[in-house]
Each structure stands twice: as structure tokens, then as C-alpha cells.
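*Asks:* To be precise about what I am sending: the file is called input-v8.cif and holds mmCIF, C-alpha atoms and all ligand atoms.
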data_query
loop_
_atom_site.group_PDB
_atom_site.id
_atom_site.type_symbol
_atom_site.label_atom_id
_atom_site.label_comp_id
_atom_site.auth_asym_id
_atom_site.auth_seq_id
_atom_site.Cartn_x
_atom_site.Cartn_y
_atom_site.Cartn_z
ATOM 1 C CA MET E 230 9.878 -20.706 16.461
ATOM 2 C CA SER E 231 10.872 -17.295 17.723
ATOM 3 C CA GLU E 232 10.237 -16.094 21.234
ATOM 4 C CA LEU E 233 7.999 -13.381 19.810
ATOM 5 C CA ALA E 234 5.869 -15.895 17.954
ATOM 6 C CA ASN E 235 5.466 -17.962 21.108
ATOM 7 C CA HIS E 236 4.538 -14.899 23.050
ATOM 8 C CA THR E 237 1.839 -14.071 20.535
ATOM 9 C CA ASN E 238 0.446 -17.546 20.186
ATOM 10 C CA THR E 239 -0.004 -18.580 23.796
ATOM 11 C CA ALA E 240 -2.433 -16.655 25.966
ATOM 12 C CA HIS E 241 -5.095 -15.668 23.447
ATOM 13 C CA ALA E 242 -4.947 -18.402 20.853
ATOM 14 C CA SER E 243 -8.719 -18.639 20.442
ATOM 15 C CA ASP E 244 -9.494 -16.244 17.617
ATOM 16 C CA LEU E 245 -6.315 -14.205 17.189
ATOM 17 C CA ILE E 246 -3.528 -16.193 15.610
ATOM 18 C CA GLU E 247 -0.192 -15.453 14.052
ATOM 19 C CA ARG E 248 0.089 -17.217 10.702
ATOM 20 C CA ASN E 249 3.371 -19.087 10.778
ATOM 21 C CA ASP E 250 2.392 -21.627 8.143
ATOM 22 C CA VAL E 251 2.655 -19.475 5.028
ATOM 23 C CA THR E 252 5.183 -18.191 2.525
ATOM 24 C CA VAL E 253 4.757 -14.509 1.700
ATOM 25 C CA THR E 254 6.196 -13.184 -1.543
ATOM 26 C CA ASN E 255 6.158 -9.539 -2.577
ATOM 27 C CA ILE E 256 5.969 -9.021 -6.307
ATOM 28 C CA ALA E 257 6.273 -5.739 -8.210
ATOM 29 C CA ALA E 258 5.590 -5.447 -11.930
ATOM 30 C CA ARG E 259 8.544 -4.429 -14.065
ATOM 31 C CA ARG E 260 8.062 -1.266 -16.079
ATOM 32 C CA GLY E 261 5.842 -1.937 -19.076
ATOM 33 C CA ALA E 262 5.306 -5.585 -18.107
ATOM 34 C CA ARG E 263 1.948 -5.249 -16.355
ATOM 35 C CA ALA E 264 -0.115 -6.845 -19.151
ATOM 36 C CA SER E 265 2.238 -9.815 -19.666
ATOM 37 C CA LEU E 266 2.483 -10.282 -15.904
ATOM 38 C CA ASP E 267 -1.277 -10.443 -15.697
ATOM 39 C CA GLU E 268 -1.404 -12.986 -18.488
ATOM 40 C CA ARG E 269 1.104 -15.146 -16.619
ATOM 41 C CA ALA E 270 -0.891 -14.772 -13.398
ATOM 42 C CA ARG E 271 -4.072 -15.913 -15.130
ATOM 43 C CA ALA E 272 -2.278 -18.946 -16.563
ATOM 44 C CA THR E 273 -0.863 -19.789 -13.112
ATOM 45 C CA PHE E 274 -3.665 -18.933 -10.679
ATOM 46 C CA GLY E 275 -6.663 -18.507 -12.954
ATOM 47 C CA VAL E 276 -7.218 -14.863 -11.917
ATOM 48 C CA SER E 277 -5.896 -11.416 -12.771
ATOM 49 C CA LEU E 278 -3.760 -9.497 -10.297
ATOM 50 C CA PRO E 279 -6.101 -6.958 -8.699
ATOM 51 C CA SER E 280 -5.461 -3.379 -9.832
ATOM 52 C CA THR E 281 -7.505 -1.906 -6.965
ATOM 53 C CA PRO E 282 -7.239 -2.582 -3.187
ATOM 54 C CA LYS E 283 -8.621 -6.132 -3.297
ATOM 55 C CA ALA E 284 -7.589 -9.603 -2.206
ATOM 56 C CA VAL E 285 -8.448 -12.628 -4.318
ATOM 57 C CA GLU E 286 -8.093 -16.291 -3.493
ATOM 58 C CA ALA E 287 -7.286 -18.645 -6.356
ATOM 59 C CA GLY E 288 -5.051 -21.543 -7.278
ATOM 60 C CA GLY E 289 -4.005 -22.132 -3.656
ATOM 61 C CA ALA E 290 -2.843 -18.537 -3.197
ATOM 62 C CA LEU E 291 -4.201 -15.402 -1.619
ATOM 63 C CA ILE E 292 -3.198 -12.448 -3.784
ATOM 64 C CA VAL E 293 -3.313 -9.136 -1.935
ATOM 65 C CA TRP E 294 -2.966 -5.734 -3.614
ATOM 66 C CA ALA E 295 -0.050 -3.934 -1.937
ATOM 67 C CA GLY E 296 0.067 -0.619 -3.804
ATOM 68 C CA PRO E 297 0.051 0.262 -7.517
ATOM 69 C CA ASP E 298 1.608 -2.654 -9.470
ATOM 70 C CA GLN E 299 2.553 -4.508 -6.262
ATOM 71 C CA TRP E 300 1.105 -7.545 -4.528
ATOM 72 C CA LEU E 301 1.659 -9.957 -1.687
ATOM 73 C CA ILE E 302 1.222 -13.596 -2.649
ATOM 74 C CA ILE E 303 0.451 -15.711 0.393
ATOM 75 C CA GLN E 304 0.659 -19.490 0.069
ATOM 76 C CA LYS E 305 0.283 -22.178 2.686
ATOM 77 C CA ASP E 306 3.515 -24.085 3.263
ATOM 78 C CA GLU E 307 3.581 -27.580 1.841
ATOM 79 C CA ALA E 308 6.221 -30.257 2.387
ATOM 80 C CA GLY E 309 8.575 -30.469 -0.580
ATOM 81 C CA ARG E 310 7.459 -27.190 -2.159
ATOM 82 C CA ASP E 311 9.374 -23.961 -2.403
ATOM 83 C CA HIS E 312 6.682 -21.417 -3.229
ATOM 84 C CA TYR E 313 9.060 -18.501 -3.620
ATOM 85 C CA SER E 314 11.313 -20.255 -6.151
ATOM 86 C CA GLU E 315 8.290 -21.449 -8.111
ATOM 87 C CA LEU E 316 6.948 -17.885 -8.300
ATOM 88 C CA ALA E 317 10.373 -16.506 -9.211
ATOM 89 C CA LYS E 318 10.478 -18.943 -12.122
ATOM 90 C CA THR E 319 6.869 -18.222 -13.168
ATOM 91 C CA PHE E 320 7.271 -14.429 -13.208
ATOM 92 C CA ASN E 321 10.900 -14.311 -14.341
ATOM 93 C CA GLY E 322 11.556 -11.094 -16.280
ATOM 94 C CA LEU E 323 8.092 -9.653 -15.652
ATOM 95 C CA ALA E 324 8.285 -8.777 -11.956
ATOM 96 C CA SER E 325 10.719 -8.240 -9.106
ATOM 97 C CA LEU E 326 10.135 -10.772 -6.360
ATOM 98 C CA VAL E 327 11.193 -10.749 -2.719
ATOM 99 C CA ASP E 328 10.525 -13.472 -0.183
ATOM 100 C CA VAL E 329 9.192 -11.430 2.756
ATOM 101 C CA THR E 330 8.069 -14.399 4.877
ATOM 102 C CA GLU E 331 10.650 -13.589 7.559
ATOM 103 C CA SER E 332 10.109 -9.837 7.483
ATOM 104 C CA ARG E 333 6.312 -9.734 7.716
ATOM 105 C CA THR E 334 4.044 -11.062 10.411
ATOM 106 C CA ILE E 335 0.463 -11.838 9.517
ATOM 107 C CA PHE E 336 -2.149 -11.851 12.250
ATOM 108 C CA ARG E 337 -5.613 -13.243 11.731
ATOM 109 C CA ILE E 338 -8.725 -12.384 13.684
ATOM 110 C CA SER E 339 -11.430 -14.867 12.810
ATOM 111 C CA GLN E 340 -14.593 -12.862 13.011
ATOM 112 C CA ALA E 341 -17.218 -12.126 10.423
ATOM 113 C CA ARG E 342 -17.856 -8.556 11.635
ATOM 114 C CA PRO E 343 -15.431 -5.883 12.773
ATOM 115 C CA SER E 344 -15.195 -5.244 16.498
ATOM 116 C CA PRO E 345 -16.194 -1.693 17.454
ATOM 117 C CA VAL E 346 -12.734 -1.005 18.879
ATOM 118 C CA LEU E 347 -11.074 -2.061 15.655
ATOM 119 C CA SER E 348 -13.345 0.307 13.773
ATOM 120 C CA ARG E 349 -12.324 3.167 16.026
ATOM 121 C CA SER E 350 -8.591 2.484 16.019
ATOM 122 C CA MET E 351 -7.646 2.817 12.366
ATOM 123 C CA GLY E 352 -8.462 5.645 9.996
ATOM 124 C CA ILE E 353 -10.372 3.193 7.814
ATOM 125 C CA ASP E 354 -14.123 2.807 7.540
ATOM 126 C CA PHE E 355 -14.568 -0.777 8.737
ATOM 127 C CA HIS E 356 -18.352 -0.672 8.533
ATOM 128 C CA GLU E 357 -19.543 -3.890 6.936
ATOM 129 C CA ASP E 358 -21.002 -2.068 3.948
ATOM 130 C CA ALA E 359 -17.798 -0.078 3.410
ATOM 131 C CA PHE E 360 -15.068 -2.674 4.012
ATOM 132 C CA LYS E 361 -16.401 -5.784 2.328
ATOM 133 C CA PRO E 362 -14.999 -9.311 1.995
ATOM 134 C CA GLY E 363 -11.952 -9.102 -0.281
ATOM 135 C CA ASP E 364 -11.258 -5.430 0.513
ATOM 136 C CA VAL E 365 -7.702 -4.299 1.332
ATOM 137 C CA ALA E 366 -6.315 -1.159 2.996
ATOM 138 C CA ILE E 367 -2.736 -0.065 3.524
ATOM 139 C CA THR E 368 -2.607 2.251 6.509
ATOM 140 C CA HIS E 369 -1.004 2.739 9.905
ATOM 141 C CA VAL E 370 -1.885 2.034 13.507
ATOM 142 C CA SER E 371 -0.152 4.309 16.000
ATOM 143 C CA HIS E 372 2.653 4.881 13.460
ATOM 144 C CA LEU E 373 3.052 1.179 12.624
ATOM 145 C CA GLY E 374 2.538 0.422 8.941
ATOM 146 C CA VAL E 375 -0.115 -2.244 8.404
ATOM 147 C CA ILE E 376 -1.865 -3.893 5.471
ATOM 148 C CA VAL E 377 -5.299 -5.095 6.471
ATOM 149 C CA TRP E 378 -7.673 -7.207 4.423
ATOM 150 C CA ARG E 379 -10.909 -9.043 4.889
ATOM 151 C CA LEU E 380 -10.766 -12.601 3.576
ATOM 152 C CA PRO E 381 -12.744 -13.019 0.345
ATOM 153 C CA ASP E 382 -15.064 -15.486 2.115
ATOM 154 C CA GLY E 383 -15.728 -12.925 4.885
ATOM 155 C CA THR E 384 -14.635 -15.203 7.760
ATOM 156 C CA ALA E 385 -11.662 -13.215 9.074
ATOM 157 C CA TYR E 386 -9.542 -10.058 9.056
ATOM 158 C CA ASP E 387 -5.806 -10.368 8.354
ATOM 159 C CA PHE E 388 -3.169 -7.810 9.333
ATOM 160 C CA ALA E 389 0.368 -7.785 7.936
ATOM 161 C CA CYS E 390 3.019 -5.720 9.704
ATOM 162 C CA ALA E 391 6.815 -5.614 9.805
ATOM 163 C CA ARG E 392 8.002 -8.461 12.042
ATOM 164 C CA THR E 393 10.072 -6.029 14.125
ATOM 165 C CA TYR E 394 6.826 -4.518 15.396
ATOM 166 C CA SER E 395 4.829 -7.732 15.663
ATOM 167 C CA ARG E 396 4.992 -7.873 19.447
ATOM 168 C CA ASP E 397 3.648 -4.330 19.833
ATOM 169 C CA PHE E 398 1.095 -4.769 17.116
ATOM 170 C CA GLY E 399 -0.006 -8.169 18.457
ATOM 171 C CA ASP E 400 -0.572 -6.594 21.877
ATOM 172 C CA TRP E 401 -2.511 -3.782 20.268
ATOM 173 C CA LEU E 402 -4.711 -6.205 18.303
ATOM 174 C CA ARG E 403 -5.412 -8.296 21.385
ATOM 175 C CA LYS E 404 -6.621 -5.201 23.221
ATOM 176 C CA ALA E 405 -8.527 -3.865 20.217
ATOM 177 C CA LYS E 406 -10.491 -7.039 19.652
ATOM 178 C CA ALA E 407 -11.328 -7.510 23.351
ATOM 179 C CA MET J 88 -7.930 17.483 6.011
ATOM 180 C CA ARG J 89 -8.529 14.336 3.963
ATOM 181 C CA ILE J 90 -6.957 13.448 0.632
ATOM 182 C CA ASN J 91 -8.718 11.213 -1.859
ATOM 183 C CA CYS J 92 -5.853 8.963 -2.976
ATOM 184 C CA PRO J 93 -6.637 7.652 -6.482
ATOM 185 C CA HIS J 94 -5.401 4.233 -5.345
ATOM 186 C CA CYS J 95 -6.625 3.971 -1.736
ATOM 187 C CA GLY J 96 -9.604 6.310 -1.455
ATOM 188 C CA GLN J 97 -10.213 8.960 1.231
ATOM 189 C CA ARG J 98 -7.453 9.050 3.849
ATOM 190 C CA SER J 99 -6.462 11.329 6.687
ATOM 191 C CA ASN J 100 -3.615 13.710 5.900
ATOM 192 C CA ASP J 101 -1.429 12.145 8.620
ATOM 193 C CA GLU J 102 -0.795 9.297 6.157
ATOM 194 C CA PHE J 103 0.821 11.687 3.667
ATOM 195 C CA SER J 104 3.989 13.729 3.520
ATOM 196 C CA TYR J 105 4.325 16.976 1.628
ATOM 197 C CA LEU J 106 7.031 17.902 -0.847
ATOM 198 C CA GLY J 107 5.872 21.193 -2.398
ATOM 199 C CA ASP J 108 5.112 22.771 -5.745
ATOM 200 C CA ALA J 109 4.361 20.083 -8.348
ATOM 201 C CA SER J 110 4.595 22.416 -11.326
ATOM 202 C CA ILE J 111 8.382 22.722 -11.115
ATOM 203 C CA VAL J 112 10.285 20.783 -13.761
ATOM 204 C CA ARG J 113 14.008 20.053 -13.676
ATOM 205 C CA PRO J 114 15.756 22.297 -16.263
ATOM 206 C CA ASP J 115 17.966 21.050 -19.072
ATOM 207 C CA PRO J 116 21.548 21.082 -17.722
ATOM 208 C CA ALA J 117 22.872 21.563 -21.282
ATOM 209 C CA ALA J 118 20.856 24.749 -21.887
ATOM 210 C CA PRO J 119 22.885 27.989 -22.209
ATOM 211 C CA ASN J 120 21.003 29.544 -19.240
ATOM 212 C CA ALA J 121 21.333 26.370 -17.091
ATOM 213 C CA ASN J 122 22.865 28.262 -14.130
ATOM 214 C CA GLU J 123 19.956 30.678 -13.764
ATOM 215 C CA ALA J 124 17.417 27.940 -14.524
ATOM 216 C CA PHE J 125 18.827 25.685 -11.772
ATOM 217 C CA TYR J 126 18.872 28.582 -9.309
ATOM 218 C CA ALA J 127 15.175 29.102 -9.968
ATOM 219 C CA PHE J 128 14.559 25.346 -9.824
ATOM 220 C CA GLY J 129 16.261 25.092 -6.441
ATOM 221 C CA TYR J 130 15.148 28.268 -4.693
ATOM 222 C CA GLU J 131 12.442 30.303 -6.356
ATOM 223 C CA ARG J 132 8.916 29.485 -5.259
ATOM 224 C CA ALA J 133 5.643 31.313 -5.806
ATOM 225 C CA ASN J 134 3.675 31.902 -2.612
ATOM 226 C CA ILE J 135 0.303 31.158 -4.141
ATOM 227 C CA ALA J 136 -2.943 32.304 -2.497
ATOM 228 C CA GLY J 137 -5.438 29.987 -4.189
ATOM 229 C CA PRO J 138 -5.397 26.647 -5.977
ATOM 230 C CA MET J 139 -1.925 25.190 -6.491
ATOM 231 C CA GLN J 140 -0.547 21.851 -7.627
ATOM 232 C CA GLU J 141 1.444 20.129 -4.906
ATOM 233 C CA LEU J 142 3.359 16.879 -4.589
ATOM 234 C CA TRP J 143 2.208 14.619 -1.771
ATOM 235 C CA TYR J 144 3.519 11.166 -0.936
ATOM 236 C CA HIS J 145 1.186 8.498 0.445
ATOM 237 C CA ALA J 146 3.873 7.374 2.893
ATOM 238 C CA ALA J 147 1.694 5.369 5.295
ATOM 239 C CA GLY J 148 -0.460 3.993 2.466
ATOM 240 C CA CYS J 149 0.236 2.816 -1.062
ATOM 241 C CA HIS J 150 3.618 4.617 -1.406
ATOM 242 C CA ALA J 151 2.491 6.479 -4.516
ATOM 243 C CA TRP J 152 3.406 10.090 -5.291
ATOM 244 C CA LEU J 153 0.370 12.241 -5.970
ATOM 245 C CA VAL J 154 -0.287 15.615 -7.547
ATOM 246 C CA VAL J 155 -2.859 17.329 -5.347
ATOM 247 C CA THR J 156 -4.562 20.569 -6.375
ATOM 248 C CA ARG J 157 -5.232 22.377 -3.098
ATOM 249 C CA ASP J 158 -6.615 25.832 -2.410
ATOM 250 C CA THR J 159 -4.045 27.267 -0.001
ATOM 251 C CA ARG J 160 -6.632 29.690 1.446
ATOM 252 C CA ASN J 161 -9.037 27.092 2.812
ATOM 253 C CA HIS J 162 -7.374 23.674 2.230
ATOM 254 C CA GLU J 163 -10.099 22.658 -0.155
ATOM 255 C CA ILE J 164 -8.811 19.847 -2.376
ATOM 256 C CA LEU J 165 -9.967 20.250 -5.949
ATOM 257 C CA ASP J 166 -8.191 17.374 -7.677
ATOM 258 C CA VAL J 167 -5.876 14.430 -6.986
ATOM 259 C CA LYS J 168 -3.957 12.522 -9.647
ATOM 260 C CA SER J 169 -1.178 9.975 -9.573
ATOM 261 C CA ALA J 170 2.136 11.771 -10.185
ATOM 262 C CA GLN J 171 3.116 9.082 -12.648
ATOM 263 C CA GLU J 172 0.048 9.865 -14.741
ATOM 264 C CA VAL J 173 0.826 13.607 -14.623
ATOM 265 C CA ALA J 174 4.468 12.989 -15.620
ATOM 266 C CA LEU J 175 3.401 10.836 -18.577
ATOM 267 C CA GLU J 176 0.942 13.522 -19.696
ATOM 268 C CA ARG J 177 3.716 16.141 -19.481
ATOM 269 C CA GLN J 178 6.116 13.955 -21.479
ATOM 270 C CA LYS J 179 3.447 13.465 -24.108
ATOM 271 C CA ALA J 180 2.725 17.206 -24.265
ATOM 272 C CA ALA J 181 6.452 17.993 -24.511
ATOM 273 C CA GLY J 182 6.852 15.384 -27.243
ATOM 274 C CA THR J 183 4.064 16.814 -29.381
ATOM 275 C CA ALA J 184 5.340 20.386 -28.869
ATOM 276 C CA GLN J 185 8.758 19.563 -30.344
HETATM 277 ZN ZN ZN E 501 -2.657 5.664 -1.608
#
Show the structure stored in the file as C-alpha cells.
Ligand SMILES: [Zn+2]

*Replies:*
Amino acid sequence: MSELANHTNTAHASDLIERNDVTVTNIAARRGARASLDERARATFGVSLPSTPKAVEAGGALIVWAGPDQWLIIQKDEAGRDHYSELAKTFNGLASLVDVTESRTIFRISQARPSPVLSRSMGIDFHEDAFKPGDVAITHVSHLGVIVWRLPDGTAYDFACARTYSRDFGDWLRKAKA
Amino acid sequence: MRINCPHCGQRSNDEFSYLGDASIVRPDPAAPNANEAFYAFGYERANIAGPMQELWYHAAGCHAWLVVTRDTRNHEILDVKSAQEVALERQKAAGTAQ
């Protein structure tokens, strides 16, 4: 485990964690292949790929909208399974896939309601009625690009940022949630 | 100023970067007046006082290019469309005109 990950996981492990147990794959629909890609996704996961800023959980995967015709597929690591290669095979010819596990850091704050500081720190309306379970926003925090989503079951908020900035962003989150 | 991104919803303008006039179309390099047309394409811009179509990029959001209709006198935003949608509409219009 990297020094950064250790740094993030130690002092405040209670309800802010860094998710090091997942494979993250970015997929982007090939031109004109959106409908076939969706068909394949339904056959694989049992759900359509969201076409609006939503996250859906199905078939052992969390599928997060990441811009028009783009998604992050987040799957818990399992011994003997290579999630990325399986996805690459499944969506072959319909989407471009990149394993971004090592380039993204995902933080999770397990809380059912947004902290007031969090609400004030991003240009997103985090009010419970506005940012509901399963909602996604791509935005920035002090110039750091972040994708934030509320888990579909409403138990936590996840934040994905470029790993290069994970130390800064982790510090920021720790302060924001305090 | 806030821009209503068709993909993300209302966002602050610090998430966007500005390119300029969205009505400009790259000329045909094979046309007999290509030289003049490319000069105009590269340099000539109308300084519009009123609603104009502009290209904005949702850089800190969904990474989509947008065509924003903004009143340059008061920054009122009258319309926002995805640039892809606008380009497809233009292609369709050009196709039917030929
Ligand atoms: Zn957007």
C-alpha cells in the first residue's frame, strides 16, 4: 500500500475511508454504439447505463455516470477475478475501456445526511431534497476535479479524485466533515 | 453567472471555459474564395450587443462543449444546448439544403 494511502487511512478511520478494495474501470461508448452498449449492459448487470447524472448498483457493480456517454464501473475486488478484463471482453467493440484503479482515489464518508461544511464547500446543492440517493455530480473543490455521488441506498457519499491529489483532497474532506 | 448545463444542471461559471462565437463554421478549403473565407474564419468577429451564440466548455464538469445563447449586455442566458446536438442539426440542415 502506498504511503499516501496509509496516511489517509490511519488517524480518522472511523467514517472517512479510502476505498482500496475496488477495481475502477472507465468506459466510453463508441460513436453510434450507445444502444448496443446498453443492451450488453442490461444482459450483464441487469440495468441500463444511466444517461443522466445517476449511480446505480446492480450485478455486483456500482455504475456511475461520468459525463455524456461515459461511466465509471466500480467493482469490489475478488480473489481470482480480473474485473477489467471481463468488462473489456463484455463491451468489446462497443466502448473504450480504461482501468483507472491506480489513477483514481475514491473516498467514502459514511453518513446519511450531508455535513453543513460539505454543503458549503462545493458549488453543488447538497440539500437532502436536491441531492438524493443515487445522484451524481462532476465538479471541483478548490480547483481539484471531483466526482461525487450519494450511494443508491443513501448510507454514504463517495468522492473520486485523481490519485495525485488524494492527499490534499483527503485532508480537505477530513476538515470538511469535522 | 450560472449556466444550466443540459447534462449537469445549474453550475457556477467558474466550472466553464469560454471559446467564443459559436456561429462560425469552418469554410470549405476547396472553394475558389478559400483564402478570404479562412481569413474571415480566423480573424473577423462581430462585436454583438445583444443575444449571441457562444461556445462554452464544461471543463470542471462533464467535459461537454455547449452552445450558450447569452445576452452580452446583461449576461442573461437565454438557451443552452449541447454542441454535439447543434452540430448534428446543422449537418442535417446542410444536407437537406443541397
Ligand atoms: Zn456539464

*Asks:* So what do you get for CA of Ile256 in chain E versus CA of Glu102 in chain J, distance-wise?

*Replies:* 23.2 Å

*Asks:* Which residues of chain E are close to chain J, meaning at most 6 Å apart when you count only C-alpha atoms, and how do they look as a PDB file with C-alpha atoms, in the frame of the given file?

*Replies:*
ATOM      1  CA  GLY E 296       0.067  -0.619  -3.804  1.00  0.00           C
ATOM      2  CA  ILE E 367      -2.736  -0.065   3.524  1.00  0.00           C
ATOM      3  CA  THR E 368      -2.607   2.251   6.509  1.00  0.00           C
ATOM      4  CA  HIS E 369      -1.004   2.739   9.905  1.00  0.00           C
TER       5      HIS E 369
END

*Asks:* CA of Gly399 in chain E and CA of Ser104 in chain J are how many Å apart?

*Replies:*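 That distance, rounded to one decimal, is 26.8 Å.
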
*Asks:* Using all atoms listed in the file for the distances, tell me which of E:Asp244, E:Glu331, E:Glu286, E:Asp298 is nearest to Ala264 in chain E.

*Replies:*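 Using all atoms listed in the file, the shortest distance to Ala264 in chain E belongs to E:Asp298.
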
*Asks:* So, counting only C-alpha atoms, which residue among E:Leu402, E:Ser325, E:Thr281, E:Pro297 is closest to Trp152 in chain J?

*Replies:* E:Pro297

*Asks:* Could you name the residues that touch Ser339 in chain E at 10 Å or less, counting only C-alpha atoms, but leaving out those on the same chain fewer than 2 positions away, as JSON, numbers by chain?

*Replies:* {"E": [243, 244, 245, 246, 336, 337, 341, 342, 343, 379, 380, 383, 384, 385, 386, 387]}

*Asks:* Those residues you just picked out, can you put them in a file as a PDB file, keeping the file's coordinate frame with C-alpha atoms?

*Replies:*
ATOM      1  CA  SER E 243      -8.719 -18.639  20.442  1.00  0.00           C
ATOM      2  CA  ASP E 244      -9.494 -16.244  17.617  1.00  0.00           C
ATOM      3  CA  LEU E 245      -6.315 -14.205  17.189  1.00  0.00           C
ATOM      4  CA  ILE E 246      -3.528 -16.193  15.610  1.00  0.00           C
ATOM      5  CA  PHE E 336      -2.149 -11.851  12.250  1.00  0.00           C
ATOM      6  CA  ARG E 337      -5.613 -13.243  11.731  1.00  0.00           C
ATOM      7  CA  ALA E 341     -17.218 -12.126  10.423  1.00  0.00           C
ATOM      8  CA  ARG E 342     -17.856  -8.556  11.635  1.00  0.00           C
ATOM      9  CA  PRO E 343     -15.431  -5.883  12.773  1.00  0.00           C
ATOM     10  CA  ARG E 379     -10.909  -9.043   4.889  1.00  0.00           C
ATOM     11  CA  LEU E 380     -10.766 -12.601   3.576  1.00  0.00           C
ATOM     12  CA  GLY E 383     -15.728 -12.925   4.885  1.00  0.00           C
ATOM     13  CA  THR E 384     -14.635 -15.203   7.760  1.00  0.00           C
ATOM     14  CA  ALA E 385     -11.662 -13.215   9.074  1.00  0.00           C
ATOM     15  CA  TYR E 386      -9.542 -10.058   9.056  1.00  0.00           C
ATOM     16  CA  ASP E 387      -5.806 -10.368   8.354  1.00  0.00           C
TER      17      ASP E 387
END

*Asks:* Tell me which residues come within 10 Å of (-9.9, -17.2, -6.4), as a PyMOL selection string, counting all atoms listed in the file in the file's coordinates.

*Replies:* chain E and resi 274-277+284-292+381

*Asks:* Selection in question (the file shown): the PyMOL selection byres (((chain J and resi 166) around 7) and not hetatm). Which residues does it include, as a PyMOL selection string?

*Replies:* chain J and resi 155-156+164-165+167-168

*Asks:* If I take CA of Val112 in chain J and CA of Val173 in chain J, how far is one from the other in Å, to one decimal?

*Replies:*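 One can read the CA of Val112 in chain J to CA of Val173 in chain J distance as 11.9 Å.
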